[in-house]
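Shown next: data_15.txt, containing compact mmCIF, C-alpha atoms.
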```
# COMPACT_ATOMS: atom_id res chain seq x y z
CA MET A 1 -170.00 -155.95 135.50
CA GLY A 2 -168.68 -152.58 134.33
CA PRO A 3 -167.93 -151.55 130.76
CA THR A 4 -164.18 -152.05 131.15
CA ALA A 5 -164.58 -155.60 132.48
CA THR A 6 -167.07 -156.42 129.73
CA ARG A 7 -164.75 -154.97 127.08
CA THR A 8 -161.82 -156.94 128.54
CA LEU A 9 -163.73 -160.25 128.61
CA ARG A 10 -164.97 -159.77 125.06
CA GLY A 11 -161.42 -159.00 123.97
CA ALA A 12 -160.20 -162.16 125.70
CA LEU A 13 -162.84 -164.19 123.89
CA ALA A 14 -161.86 -162.65 120.55
CA GLY A 15 -158.18 -163.34 121.23
CA SER A 16 -158.83 -166.94 122.16
CA VAL A 17 -160.88 -167.51 119.01
CA ALA A 18 -158.16 -165.85 116.90
CA ALA A 19 -155.52 -168.09 118.49
CA GLY A 20 -157.72 -171.11 117.73
CA VAL A 21 -157.95 -170.10 114.07
CA TRP A 22 -154.15 -169.73 114.04
CA ALA A 23 -153.69 -173.22 115.50
CA LEU A 24 -156.22 -174.81 113.13
CA GLN A 25 -154.54 -173.44 110.03
CA GLN A 26 -150.95 -174.26 111.12
CA PRO A 27 -150.79 -177.59 109.25
CA LEU A 28 -151.62 -175.72 106.03
CA ASP A 29 -149.06 -172.97 106.49
CA LYS A 30 -146.40 -175.53 107.43
CA GLU A 31 -146.87 -176.98 103.94
CA LEU A 32 -147.11 -173.59 102.24
CA PHE A 33 -143.94 -172.22 103.86
CA ALA A 34 -142.12 -175.58 103.86
CA SER A 35 -141.31 -175.08 107.52
CA GLY A 36 -141.87 -177.37 110.47
CA TYR A 37 -142.18 -174.46 112.89
CA ASP A 38 -145.24 -175.07 115.09
CA ASP A 39 -146.26 -172.73 117.93
CA VAL A 40 -148.42 -175.31 119.68
CA GLU A 41 -145.49 -177.73 119.71
CA LEU A 42 -143.09 -175.03 120.91
CA LEU A 43 -145.38 -174.14 123.83
CA GLY A 44 -146.43 -177.70 124.65
CA LYS A 45 -142.93 -179.10 124.74
CA LEU A 46 -141.89 -176.18 126.92
CA VAL A 47 -144.08 -177.49 129.76
CA THR A 48 -144.11 -181.27 129.25
CA GLU A 49 -141.90 -183.95 127.77
CA SER A 50 -144.79 -186.41 127.54
CA GLY A 51 -147.09 -187.09 124.65
CA ALA A 52 -149.54 -184.65 126.23
CA TRP A 53 -147.72 -181.69 124.67
CA PRO A 54 -150.38 -181.03 121.97
CA GLY A 55 -153.12 -180.41 124.55
CA ALA A 56 -150.83 -178.42 126.82
CA GLY A 57 -149.51 -176.40 123.91
CA LEU A 58 -152.99 -175.64 122.59
CA ALA A 59 -154.17 -174.59 126.06
CA LEU A 60 -151.21 -172.23 126.44
CA HIS A 61 -151.70 -170.88 122.92
CA LEU A 62 -155.39 -170.14 123.55
CA GLN A 63 -154.52 -168.58 126.89
CA ASN A 64 -151.89 -166.35 125.28
CA GLY A 65 -154.44 -165.31 122.66
CA ALA A 66 -156.97 -164.47 125.38
CA LEU A 67 -154.43 -162.37 127.30
CA PHE A 68 -153.38 -160.53 124.15
CA GLY A 69 -157.04 -160.00 123.19
CA ALA A 70 -157.91 -158.60 126.62
CA LEU A 71 -155.05 -156.13 126.41
CA TYR A 72 -155.85 -155.31 122.79
CA ALA A 73 -159.51 -154.56 123.54
CA ASN A 74 -158.51 -151.86 125.99
CA LEU A 75 -155.64 -150.33 124.04
CA ALA A 76 -156.82 -150.56 120.42
CA PRO A 77 -159.33 -147.69 120.69
CA LEU A 78 -156.38 -145.43 121.55
CA ALA A 79 -154.46 -146.27 118.37
CA PRO A 80 -154.48 -143.42 115.83
CA ILE A 81 -155.17 -145.71 112.87
CA PRO A 82 -158.43 -146.86 111.25
CA ALA A 83 -160.20 -149.56 113.28
CA PRO A 84 -159.92 -152.31 110.60
CA LEU A 85 -156.12 -151.94 110.59
CA ARG A 86 -155.63 -152.06 114.36
CA GLY A 87 -155.78 -155.85 114.74
CA PRO A 88 -153.38 -156.66 111.89
CA ALA A 89 -151.01 -153.91 113.06
CA ALA A 90 -151.06 -155.24 116.63
CA GLY A 91 -150.43 -158.80 115.43
CA LEU A 92 -147.49 -157.79 113.25
CA LEU A 93 -146.03 -155.57 115.98
CA GLU A 94 -146.15 -158.53 118.35
CA HIS A 95 -144.41 -160.69 115.76
CA LEU A 96 -141.61 -158.19 115.23
CA ALA A 97 -141.20 -157.60 118.97
CA LEU A 98 -141.09 -161.27 119.95
CA TRP A 99 -139.25 -162.84 117.03
CA PRO A 100 -135.80 -162.09 118.49
CA LEU A 101 -136.73 -164.33 121.45
CA GLY A 102 -136.28 -167.23 119.04
CA ARG A 103 -132.59 -167.07 119.92
CA LEU A 104 -133.50 -167.95 123.51
CA SER A 105 -135.67 -170.81 122.33
CA ASP A 106 -132.88 -172.14 120.13
CA ARG A 107 -130.54 -172.07 123.10
CA PHE A 108 -132.62 -172.93 126.18
CA HIS A 109 -135.87 -174.67 125.15
CA PRO A 110 -136.01 -178.17 126.72
CA ALA A 111 -136.92 -179.72 123.34
CA ARG A 112 -134.61 -177.52 121.23
CA ARG A 113 -133.09 -180.55 119.47
CA GLU A 114 -136.55 -181.65 118.27
CA LEU A 115 -137.68 -178.21 117.09
CA PRO A 116 -136.55 -176.26 114.04
CA ALA A 117 -134.03 -173.55 114.85
CA LEU A 118 -135.61 -170.11 114.55
CA THR A 119 -132.49 -167.95 114.38
CA GLY A 120 -131.88 -167.07 110.74
CA ASN A 121 -134.80 -169.22 109.59
CA ARG A 122 -136.46 -167.03 106.94
CA PRO A 123 -139.32 -169.42 106.09
CA ALA A 124 -140.23 -169.62 109.79
CA PHE A 125 -140.01 -165.81 110.09
CA TRP A 126 -142.48 -165.29 107.21
CA GLN A 127 -144.64 -168.15 108.45
CA ALA A 128 -144.86 -166.47 111.86
CA ALA A 129 -145.58 -163.12 110.17
CA TRP A 130 -148.48 -164.73 108.29
CA ARG A 131 -149.78 -166.29 111.52
CA HIS A 132 -149.65 -162.99 113.38
CA LEU A 133 -151.34 -161.19 110.50
CA LEU A 134 -154.14 -163.78 110.44
CA PHE A 135 -154.44 -163.62 114.23
CA GLY A 136 -154.64 -159.83 114.08
CA LEU A 137 -157.27 -159.85 111.34
CA VAL A 138 -159.51 -162.27 113.24
CA LEU A 139 -158.89 -160.60 116.60
CA GLY A 140 -159.47 -157.08 115.30
CA GLU A 141 -162.65 -157.85 113.43
CA LEU A 142 -164.17 -160.08 116.11
CA GLU A 143 -163.29 -157.69 118.93
CA ARG A 144 -164.69 -154.78 116.94
CA ARG A 145 -167.97 -156.64 116.46
CA LEU A 146 -168.18 -157.77 120.09
CA ASN A 147 -167.31 -154.33 121.47
CA GLU A 148 -169.37 -152.15 119.17
CA PRO A 149 -168.05 -148.58 118.95
CA GLU A 150 -171.32 -147.14 120.24
CA ASP A 151 -170.69 -149.02 123.51
CA ASP A 152 -167.75 -146.67 124.07
CA GLU A 153 -169.30 -143.40 122.99
CA PRO A 154 -170.64 -141.08 125.66
CA ALA A 155 -174.36 -140.36 125.65
CA ASP A 156 -175.44 -137.55 123.35
CA PHE A 157 -177.08 -134.88 125.48
CA SER A 158 -177.08 -132.17 122.80
CA ALA A 159 -180.82 -132.67 122.21
CA VAL A 160 -181.65 -131.76 125.82
CA VAL A 161 -179.40 -128.72 126.09
CA SER A 162 -180.78 -125.37 125.09
CA THR A 163 -178.81 -122.48 123.68
CA ASN A 164 -178.62 -120.91 127.12
CA GLY A 165 -176.75 -123.99 128.40
CA HIS A 166 -179.33 -124.90 131.01
CA GLY A 167 -181.43 -127.36 129.07
CA SER A 168 -185.09 -127.47 128.35
CA LEU A 169 -187.71 -127.32 131.08
CA ASP A 170 -189.87 -129.79 129.11
CA ASP A 171 -187.02 -132.33 128.97
CA ALA A 172 -186.31 -131.88 132.69
CA LEU A 173 -189.97 -132.45 133.58
CA LEU A 174 -190.36 -135.47 131.30
CA ALA A 175 -187.09 -137.15 132.24
CA ARG A 176 -187.36 -140.49 133.99
CA PRO A 177 -185.40 -141.13 137.20
```

Written as structure tokens, how would this file's structure read?
Amino acid sequence: MGPTATRTLRGALAGSVAAGVWALQQPLDKELFASGYDDVELLGKLVTESGAWPGAGLALHLQNGALFGALYANLAPLAPIPAPLRGPAAGLLEHLALWPLGRLSDRFHPARRELPALTGNRPAFWQAAWRHLLFGLVLGELERRLNEPEDDEPADFSAVVSTNGHGSLDDALLARP
């Protein structure tokens, strides 16, 4: 497997773990923000009307995290900000980009009458901001540890290049195939 595929898979793993942390802490933030907004419920009830929505919603949530993590792992190194800030920035950017879609959920979601309305719901907005920040923190740090920066850096050949630009005869003779 090449470096890009490895980087992508590690990013997917980091994203899935970050989404799992998000889902595990949701009951706490629902209390803290006094909001019933629940991403697992939103996703689960989008695909099933049965009591199986928690499992379906969690599976979709973890899948979304993996997809975001895979994309993040390949794009984050290009961001012109310090590495520890890349994950939180990506999470918050996603939040701000996707939050307006709450209007569509309020209007077209099959379980819209059972779910809290998102349009104009400030507690849910800040709750989602917190969730995306947490997701970004976990994703960024885990992905950074799984895809160590030295994995991306080109080999340093400066030690085998002489001042004439042709290299050292000793290094050429001692090099292994």

Query raised in the report: Between A:Leu32, A:Ala14, A:Leu104, A:Ala111, which is the closest to A:Val47 once you count all atoms listed in the file?
Result: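 For A:Val47, the nearest of the candidates is A:Ala111.
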
Query raised in the report: Which of these residues is nearest to A:Leu134, using all atoms listed in the file: A:Thr8, A:Ser105, A:Gln25, A:Asn147?
Result: A:Gln25

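Taking atom CA of A:Leu24 as the reference point, atom CA of A:Phe135 is found at 11.4 Å.
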
Distance table requested - stretch 51-88 of chain A against stretch 35-39 of chain A, cut-off 9 Å, all atoms listed in the file: one row per qualifying residue with the closest atom pair and its distance in Å to one decimal, ordered by chain and rising residue number, as JSON lines.
```
{"residue": "A:Gly57", "atom": "CA", "partner": "A:Asp39", "partner_atom": "CA", "distance": 7.7}
{"residue": "A:Leu58", "atom": "CA", "partner": "A:Asp39", "partner_atom": "CA", "distance": 8.7}
{"residue": "A:His61", "atom": "CA", "partner": "A:Asp39", "partner_atom": "CA", "distance": 7.6}
```

Query - Expected answer as a PyMOL selection string: all residues with atoms within 10 Å of (-133.6, -168.0, 119.3), only C-alpha atoms - result: chain A and resi 99-109+112+117-121

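Take the candidates A:Leu139, A:Ala129, A:Val17, A:Ala34 and check each one against A:His95 using only C-alpha atoms; the shortest distance goes to A:Ala129.
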
Requested in this report: Would you please work out which residue, of A:Leu92, A:Thr4, A:Ala56, A:Ala83, is nearest to A:Leu42 when using all atoms listed in the file?
Outcome: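 Under the stated criterion, the closest residue is A:Ala56.
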